[in-house]
Amino acid sequence: MTTTSKKPVKKRPVRHDEPVSAKKRSSGKSRKEPVSAKKKSKKKRTKILLFILEIFILLIMVVVLYGVLKVEKVGKVDLPKEEIVINPEVEEQVETTMRGYRNIALFGVDSTTGALTKNTRSDTIMIASINLDTGECRLVSVYRDTYLNLSNDSYNKCNGAYAKGGPKQAINMLNMNLDMNITDFVTVGFAGLSDTIDALGGIMIDVDSEELKHINNYQICMAENLKRDYVPVTSTGYQLLDGLQATAYCRIRYTAGDDFKRAERQREVLMAVADKAKTASPATLNDVANAIFDKDEIYTSLDLSEILELLGEIGRYEIVDQGGFPEESMRATGTIGSKGSCVVPVSLADNVQWLHEFLFKDEEYSPSSTVLECSEKVAADTSPYVK
């Protein structure tokens with residue numbers, strides 16, 4: 001049998017003045033230890049990261065699953081496309097300047113009993129226009145007392161459209177008078193808004209002395225109707241409001257600015273809700289789903305996939321601007337015969353031109369023939385009364 005001789009390993013002389021730690025670093029065996037420890041540490045960190053990722057994915061799945069179960073209870077209505085009025089000229093705009101935007105009607109109804117479908121006036125009428133490419137959102141309040149065509153050639157306060165024909169007629173009213181292409185809506189009552197804000201942990205609002213006089217009166221009324229307790233707001237300033245307090249804040253109209261200021265408060269609350277939702281944890285979003293996904297608190301044309309898509313993208317949405325219609329410099333008020341006190345677009349056509357520039361950056365927009373006809377009728381009906 002052949003044997004192989006090994007060369008003796010030549011050891012490095014050890015200096016007796018060398019520190020012990022240095023001695024350990026100089027040995028062959030100890031040189032491998034830091035490498036091994038580094039690998040073990042890396043593997044440990046990888047396992048921790050994977051575990052955290054798995055937990056995060058699990059939380060997302062729980063929220064989505066919970067949303068699926070809850071959305072089944074949402075008051076869902078299908079609006080036949082053939083019954084939605086879109087002015088013919090607007091159909092062409094959909095493929096040009098309005099392309100890439102999604103417009104949704106938001107209605108807040110004066111109801112504490114779950115009457116969300118019709119037979120109740122929409123105190124809040126908003127258009128949320130979303131740029132799908134950038135995530136930028138713009139909000140426009142259509143003042144509830146604005147004198148417009150109710151989509152059936154009957155002219156009156158625009159919030160009467162919802163009372164007479166529910167969301168379908170209200171959407172048609174917006175499309176006909178404003179040259180919009182809205183096909184979807186979301187309607188909430190007092191309970192839905194209040195519960196949403198509570199689930200988010202409240203929102204920050206700046207309350208002034210004039211508002212303080214009224215906010216608790218509205219709270220008392222709503223608390224009685226909703227059969228729930230309320231906490232009085234006792235001081236002014238920037239503060240955390242709970243759901244009932246914030247909803248009461250939305251309803252205040254007897255201060256300087258009247259209904260125009262109320263619509264501004266409504267947009268302020270909606271923007272605060274959006275900001276809070278963007279930073280909410282999965283557990284909080286779960287609470288929100290539990291709070292609002294109930295057929296007595298929300299009524300919408302959106303289906304499950306659309307709701308989940310919108311919620312899934314909430315982090316990239318940003319409300320970049322907001323305003324009211326008719327625009328401040330192009331509106332008047334007056335008591336229009338038996339119709340009562342109304343907000344009057346001095347020129348509906350000019351206001352619609354402003355709206356399309358505001359929402360879609362279309363500086364060259366020309367109102368449709370339908371809008372021009374409505375504009376002439378509004379002017380004829382209101383000119384003797386406006387101030």
# chains A, B, ... in the order shown; residues from 1 in each chain; ligands from 1
call {"tool": "residues_around", "arguments": {"residues": "Val207 in chain A", "least_positions_apart": "4", "cutoff": "7 Å", "atoms": "only C-alpha atoms", "output": "ChimeraX atom specification"}}
result
/A:211-212,236-238
call {"tool": "write_last_selection", "arguments": {"atoms": "N, CA and C atoms", "output": "PDB file, in the first residue's frame"}}
result
ATOM      1  N   GLU A 211     -68.718  78.013  14.650  1.00  0.00           N
ATOM      2  CA  GLU A 211     -69.093  76.611  14.435  1.00  0.00           C
ATOM      3  C   GLU A 211     -69.405  75.912  15.744  1.00  0.00           C
ATOM      4  N   LEU A 212     -68.702  76.295  16.796  1.00  0.00           N
ATOM      5  CA  LEU A 212     -68.904  75.673  18.101  1.00  0.00           C
ATOM      6  C   LEU A 212     -70.333  75.874  18.598  1.00  0.00           C
ATOM      7  N   THR A 236     -62.631  75.477  20.949  1.00  0.00           N
ATOM      8  CA  THR A 236     -62.304  75.762  19.553  1.00  0.00           C
ATOM      9  C   THR A 236     -60.889  75.278  19.261  1.00  0.00           C
ATOM     10  N   GLY A 237     -60.511  75.368  18.008  1.00  0.00           N
ATOM     11  CA  GLY A 237     -59.148  75.016  17.624  1.00  0.00           C
ATOM     12  C   GLY A 237     -59.057  73.702  16.880  1.00  0.00           C
ATOM     13  N   TYR A 238     -57.841  73.401  16.455  1.00  0.00           N
ATOM     14  CA  TYR A 238     -57.540  72.186  15.687  1.00  0.00           C
ATOM     15  C   TYR A 238     -57.576  71.003  16.635  1.00  0.00           C
TER      16      TYR A 238
END
call {"tool": "select_by_dssp", "arguments": {"residues": "range 235-353 of chain A", "states": "alpha helix (DSSP H)", "output": "PDB file with N, CA and C atoms, in the first residue's frame"}}
result
ATOM      1  N   GLY A 243     -66.753  60.459  15.010  1.00  0.00           N
ATOM      2  CA  GLY A 243     -67.643  60.370  13.859  1.00  0.00           C
ATOM      3  C   GLY A 243     -68.860  61.273  13.938  1.00  0.00           C
ATOM      4  N   LEU A 244     -69.540  61.261  15.074  1.00  0.00           N
ATOM      5  CA  LEU A 244     -70.746  62.071  15.206  1.00  0.00           C
ATOM      6  C   LEU A 244     -70.406  63.560  15.199  1.00  0.00           C
ATOM      7  N   GLN A 245     -69.313  63.919  15.849  1.00  0.00           N
ATOM      8  CA  GLN A 245     -68.884  65.321  15.871  1.00  0.00           C
ATOM      9  C   GLN A 245     -68.539  65.822  14.479  1.00  0.00           C
ATOM     10  N   ALA A 246     -67.796  65.015  13.717  1.00  0.00           N
ATOM     11  CA  ALA A 246     -67.398  65.421  12.364  1.00  0.00           C
ATOM     12  C   ALA A 246     -68.600  65.487  11.429  1.00  0.00           C
ATOM     13  N   THR A 247     -69.536  64.556  11.577  1.00  0.00           N
ATOM     14  CA  THR A 247     -70.746  64.584  10.753  1.00  0.00           C
ATOM     15  C   THR A 247     -71.577  65.814  11.073  1.00  0.00           C
ATOM     16  N   ALA A 248     -71.661  66.162  12.355  1.00  0.00           N
ATOM     17  CA  ALA A 248     -72.365  67.387  12.745  1.00  0.00           C
ATOM     18  C   ALA A 248     -71.677  68.612  12.161  1.00  0.00           C
ATOM     19  N   TYR A 249     -70.345  68.592  12.148  1.00  0.00           N
ATOM     20  CA  TYR A 249     -69.572  69.697  11.565  1.00  0.00           C
ATOM     21  C   TYR A 249     -69.934  69.881  10.091  1.00  0.00           C
ATOM     22  N   CYS A 250     -70.137  68.753   9.378  1.00  0.00           N
ATOM     23  CA  CYS A 250     -70.516  68.806   7.957  1.00  0.00           C
ATOM     24  C   CYS A 250     -71.863  69.500   7.739  1.00  0.00           C
ATOM     25  N   ARG A 251     -72.733  69.449   8.729  1.00  0.00           N
ATOM     26  CA  ARG A 251     -74.099  69.916   8.544  1.00  0.00           C
ATOM     27  C   ARG A 251     -74.283  71.402   8.862  1.00  0.00           C
ATOM     28  N   ASP A 258     -73.003  80.625   4.742  1.00  0.00           N
ATOM     29  CA  ASP A 258     -74.214  79.816   4.574  1.00  0.00           C
ATOM     30  C   ASP A 258     -73.906  78.444   3.957  1.00  0.00           C
ATOM     31  N   ASP A 259     -74.667  78.069   2.926  1.00  0.00           N
ATOM     32  CA  ASP A 259     -74.524  76.739   2.347  1.00  0.00           C
ATOM     33  C   ASP A 259     -73.214  76.581   1.574  1.00  0.00           C
ATOM     34  N   PHE A 260     -72.656  77.676   1.089  1.00  0.00           N
ATOM     35  CA  PHE A 260     -71.368  77.606   0.403  1.00  0.00           C
ATOM     36  C   PHE A 260     -70.287  77.133   1.389  1.00  0.00           C
ATOM     37  N   LYS A 261     -70.343  77.676   2.605  1.00  0.00           N
ATOM     38  CA  LYS A 261     -69.373  77.282   3.632  1.00  0.00           C
ATOM     39  C   LYS A 261     -69.623  75.850   4.076  1.00  0.00           C
ATOM     40  N   ARG A 262     -70.893  75.438   4.115  1.00  0.00           N
ATOM     41  CA  ARG A 262     -71.184  74.058   4.504  1.00  0.00           C
ATOM     42  C   ARG A 262     -70.578  73.074   3.493  1.00  0.00           C
ATOM     43  N   ALA A 263     -70.735  73.369   2.217  1.00  0.00           N
ATOM     44  CA  ALA A 263     -70.151  72.493   1.202  1.00  0.00           C
ATOM     45  C   ALA A 263     -68.634  72.442   1.343  1.00  0.00           C
ATOM     46  N   GLU A 264     -68.036  73.563   1.717  1.00  0.00           N
ATOM     47  CA  GLU A 264     -66.585  73.583   1.941  1.00  0.00           C
ATOM     48  C   GLU A 264     -66.215  72.692   3.120  1.00  0.00           C
ATOM     49  N   ARG A 265     -67.040  72.716   4.177  1.00  0.00           N
ATOM     50  CA  ARG A 265     -66.786  71.840   5.333  1.00  0.00           C
ATOM     51  C   ARG A 265     -66.898  70.372   4.930  1.00  0.00           C
ATOM     52  N   GLN A 266     -67.859  70.071   4.085  1.00  0.00           N
ATOM     53  CA  GLN A 266     -68.027  68.688   3.628  1.00  0.00           C
ATOM     54  C   GLN A 266     -66.790  68.203   2.874  1.00  0.00           C
ATOM     55  N   ARG A 267     -66.239  69.057   2.020  1.00  0.00           N
ATOM     56  CA  ARG A 267     -65.015  68.680   1.303  1.00  0.00           C
ATOM     57  C   ARG A 267     -63.847  68.544   2.268  1.00  0.00           C
ATOM     58  N   GLU A 268     -63.805  69.423   3.264  1.00  0.00           N
ATOM     59  CA  GLU A 268     -62.735  69.365   4.261  1.00  0.00           C
ATOM     60  C   GLU A 268     -62.766  68.035   5.010  1.00  0.00           C
ATOM     61  N   VAL A 269     -63.948  67.601   5.397  1.00  0.00           N
ATOM     62  CA  VAL A 269     -64.081  66.335   6.121  1.00  0.00           C
ATOM     63  C   VAL A 269     -63.712  65.162   5.214  1.00  0.00           C
ATOM     64  N   LEU A 270     -64.164  65.191   3.963  1.00  0.00           N
ATOM     65  CA  LEU A 270     -63.848  64.106   3.037  1.00  0.00           C
ATOM     66  C   LEU A 270     -62.344  64.007   2.805  1.00  0.00           C
ATOM     67  N   MET A 271     -61.675  65.140   2.681  1.00  0.00           N
ATOM     68  CA  MET A 271     -60.227  65.126   2.484  1.00  0.00           C
ATOM     69  C   MET A 271     -59.504  64.598   3.725  1.00  0.00           C
ATOM     70  N   ALA A 272     -60.024  64.952   4.913  1.00  0.00           N
ATOM     71  CA  ALA A 272     -59.423  64.452   6.153  1.00  0.00           C
ATOM     72  C   ALA A 272     -59.606  62.944   6.271  1.00  0.00           C
ATOM     73  N   VAL A 273     -60.763  62.442   5.853  1.00  0.00           N
ATOM     74  CA  VAL A 273     -61.018  60.998   5.861  1.00  0.00           C
ATOM     75  C   VAL A 273     -60.057  60.296   4.902  1.00  0.00           C
ATOM     76  N   ALA A 274     -59.880  60.856   3.708  1.00  0.00           N
ATOM     77  CA  ALA A 274     -58.984  60.258   2.715  1.00  0.00           C
ATOM     78  C   ALA A 274     -57.545  60.213   3.227  1.00  0.00           C
ATOM     79  N   ASP A 275     -57.092  61.292   3.846  1.00  0.00           N
ATOM     80  CA  ASP A 275     -55.730  61.333   4.377  1.00  0.00           C
ATOM     81  C   ASP A 275     -55.540  60.290   5.475  1.00  0.00           C
ATOM     82  N   LYS A 276     -56.551  60.136   6.324  1.00  0.00           N
ATOM     83  CA  LYS A 276     -56.445  59.171   7.428  1.00  0.00           C
ATOM     84  C   LYS A 276     -56.440  57.740   6.886  1.00  0.00           C
ATOM     85  N   ALA A 277     -57.263  57.496   5.868  1.00  0.00           N
ATOM     86  CA  ALA A 277     -57.350  56.152   5.299  1.00  0.00           C
ATOM     87  C   ALA A 277     -56.046  55.744   4.628  1.00  0.00           C
ATOM     88  N   LYS A 278     -55.332  56.704   4.040  1.00  0.00           N
ATOM     89  CA  LYS A 278     -54.089  56.399   3.339  1.00  0.00           C
ATOM     90  C   LYS A 278     -53.017  55.872   4.287  1.00  0.00           C
ATOM     91  N   PRO A 282     -53.730  47.672   8.258  1.00  0.00           N
ATOM     92  CA  PRO A 282     -54.689  46.660   7.823  1.00  0.00           C
ATOM     93  C   PRO A 282     -55.794  46.420   8.844  1.00  0.00           C
ATOM     94  N   ALA A 283     -55.439  46.422  10.139  1.00  0.00           N
ATOM     95  CA  ALA A 283     -56.443  46.207  11.177  1.00  0.00           C
ATOM     96  C   ALA A 283     -57.474  47.334  11.187  1.00  0.00           C
ATOM     97  N   THR A 284     -57.002  48.564  10.969  1.00  0.00           N
ATOM     98  CA  THR A 284     -57.922  49.702  10.949  1.00  0.00           C
ATOM     99  C   THR A 284     -58.825  49.641   9.725  1.00  0.00           C
ATOM    100  N   LEU A 285     -58.241  49.279   8.575  1.00  0.00           N
ATOM    101  CA  LEU A 285     -59.065  49.143   7.371  1.00  0.00           C
ATOM    102  C   LEU A 285     -60.117  48.055   7.555  1.00  0.00           C
ATOM    103  N   ASN A 286     -59.756  47.044   8.312  1.00  0.00           N
ATOM    104  CA  ASN A 286     -60.711  45.990   8.631  1.00  0.00           C
ATOM    105  C   ASN A 286     -61.888  46.566   9.421  1.00  0.00           C
ATOM    106  N   ASP A 287     -61.578  47.461  10.378  1.00  0.00           N
ATOM    107  CA  ASP A 287     -62.625  48.109  11.162  1.00  0.00           C
ATOM    108  C   ASP A 287     -63.493  48.999  10.278  1.00  0.00           C
ATOM    109  N   VAL A 288     -62.848  49.682   9.322  1.00  0.00           N
ATOM    110  CA  VAL A 288     -63.609  50.535   8.410  1.00  0.00           C
ATOM    111  C   VAL A 288     -64.578  49.699   7.591  1.00  0.00           C
ATOM    112  N   ALA A 289     -64.076  48.563   7.073  1.00  0.00           N
ATOM    113  CA  ALA A 289     -64.942  47.679   6.298  1.00  0.00           C
ATOM    114  C   ALA A 289     -66.126  47.234   7.130  1.00  0.00           C
ATOM    115  N   ASN A 290     -65.867  46.911   8.371  1.00  0.00           N
ATOM    116  CA  ASN A 290     -66.925  46.479   9.262  1.00  0.00           C
ATOM    117  C   ASN A 290     -67.925  47.600   9.507  1.00  0.00           C
ATOM    118  N   ALA A 291     -67.421  48.834   9.544  1.00  0.00           N
ATOM    119  CA  ALA A 291     -68.271  49.973   9.873  1.00  0.00           C
ATOM    120  C   ALA A 291     -69.198  50.376   8.735  1.00  0.00           C
ATOM    121  N   ILE A 292     -68.711  50.328   7.495  1.00  0.00           N
ATOM    122  CA  ILE A 292     -69.502  50.914   6.404  1.00  0.00           C
ATOM    123  C   ILE A 292     -70.096  49.912   5.443  1.00  0.00           C
ATOM    124  N   LEU A 304     -67.988  44.514  -6.523  1.00  0.00           N
ATOM    125  CA  LEU A 304     -66.935  44.066  -5.625  1.00  0.00           C
ATOM    126  C   LEU A 304     -65.535  44.362  -6.151  1.00  0.00           C
ATOM    127  N   SER A 305     -65.271  43.996  -7.402  1.00  0.00           N
ATOM    128  CA  SER A 305     -63.920  44.170  -7.943  1.00  0.00           C
ATOM    129  C   SER A 305     -63.539  45.639  -8.010  1.00  0.00           C
ATOM    130  N   GLU A 306     -64.497  46.505  -8.328  1.00  0.00           N
ATOM    131  CA  GLU A 306     -64.209  47.939  -8.419  1.00  0.00           C
ATOM    132  C   GLU A 306     -63.917  48.536  -7.048  1.00  0.00           C
ATOM    133  N   ILE A 307     -64.674  48.117  -6.041  1.00  0.00           N
ATOM    134  CA  ILE A 307     -64.444  48.621  -4.687  1.00  0.00           C
ATOM    135  C   ILE A 307     -63.066  48.191  -4.194  1.00  0.00           C
ATOM    136  N   LEU A 308     -62.736  46.916  -4.399  1.00  0.00           N
ATOM    137  CA  LEU A 308     -61.432  46.423  -3.964  1.00  0.00           C
ATOM    138  C   LEU A 308     -60.295  47.104  -4.722  1.00  0.00           C
ATOM    139  N   GLU A 309     -60.527  47.388  -6.011  1.00  0.00           N
ATOM    140  CA  GLU A 309     -59.502  48.074  -6.803  1.00  0.00           C
ATOM    141  C   GLU A 309     -59.266  49.485  -6.273  1.00  0.00           C
ATOM    142  N   LEU A 310     -60.349  50.205  -5.964  1.00  0.00           N
ATOM    143  CA  LEU A 310     -60.217  51.557  -5.448  1.00  0.00           C
ATOM    144  C   LEU A 310     -59.533  51.553  -4.081  1.00  0.00           C
ATOM    145  N   LEU A 311     -59.926  50.613  -3.201  1.00  0.00           N
ATOM    146  CA  LEU A 311     -59.296  50.525  -1.887  1.00  0.00           C
ATOM    147  C   LEU A 311     -57.831  50.144  -2.010  1.00  0.00           C
ATOM    148  N   GLY A 312     -57.537  49.255  -2.946  1.00  0.00           N
ATOM    149  CA  GLY A 312     -56.167  48.812  -3.126  1.00  0.00           C
ATOM    150  C   GLY A 312     -55.239  49.912  -3.620  1.00  0.00           C
ATOM    151  N   LEU A 348     -74.717  79.362 -17.128  1.00  0.00           N
ATOM    152  CA  LEU A 348     -74.418  77.947 -16.958  1.00  0.00           C
ATOM    153  C   LEU A 348     -73.325  77.521 -17.924  1.00  0.00           C
ATOM    154  N   ALA A 349     -73.383  78.014 -19.159  1.00  0.00           N
ATOM    155  CA  ALA A 349     -72.387  77.633 -20.164  1.00  0.00           C
ATOM    156  C   ALA A 349     -70.977  78.039 -19.728  1.00  0.00           C
ATOM    157  N   ASP A 350     -70.824  79.244 -19.200  1.00  0.00           N
ATOM    158  CA  ASP A 350     -69.502  79.692 -18.747  1.00  0.00           C
ATOM    159  C   ASP A 350     -69.017  78.864 -17.565  1.00  0.00           C
ATOM    160  N   ASN A 351     -69.940  78.492 -16.680  1.00  0.00           N
ATOM    161  CA  ASN A 351     -69.572  77.667 -15.534  1.00  0.00           C
ATOM    162  C   ASN A 351     -69.115  76.277 -15.967  1.00  0.00           C
ATOM    163  N   VAL A 352     -69.780  75.723 -16.973  1.00  0.00           N
ATOM    164  CA  VAL A 352     -69.399  74.405 -17.472  1.00  0.00           C
ATOM    165  C   VAL A 352     -68.022  74.469 -18.129  1.00  0.00           C
ATOM    166  N   GLN A 353     -67.757  75.557 -18.823  1.00  0.00           N
ATOM    167  CA  GLN A 353     -66.436  75.743 -19.423  1.00  0.00           C
ATOM    168  C   GLN A 353     -65.367  75.783 -18.326  1.00  0.00           C
TER     169      GLN A 353
END
call {"tool": "select_by_dssp", "arguments": {"residues": "range 117-352 of chain A", "states": "strand (DSSP E)", "output": "PyMOL selection string"}}
result
chain A and resi 122-131+136-142+147-149+155-157+184-188+203-207+237-241+298-300+318-325+331-335+341-345
call {"tool": "atom_distance", "arguments": {"atom1": "CA of Glu210 in chain A", "atom2": "CA of Thr234 in chain A"}}
result
12.5 Å
call {"tool": "atom_distance", "arguments": {"atom1": "CA of Val344 in chain A", "atom2": "CA of Val109 in chain A"}}
result
21.9 Å
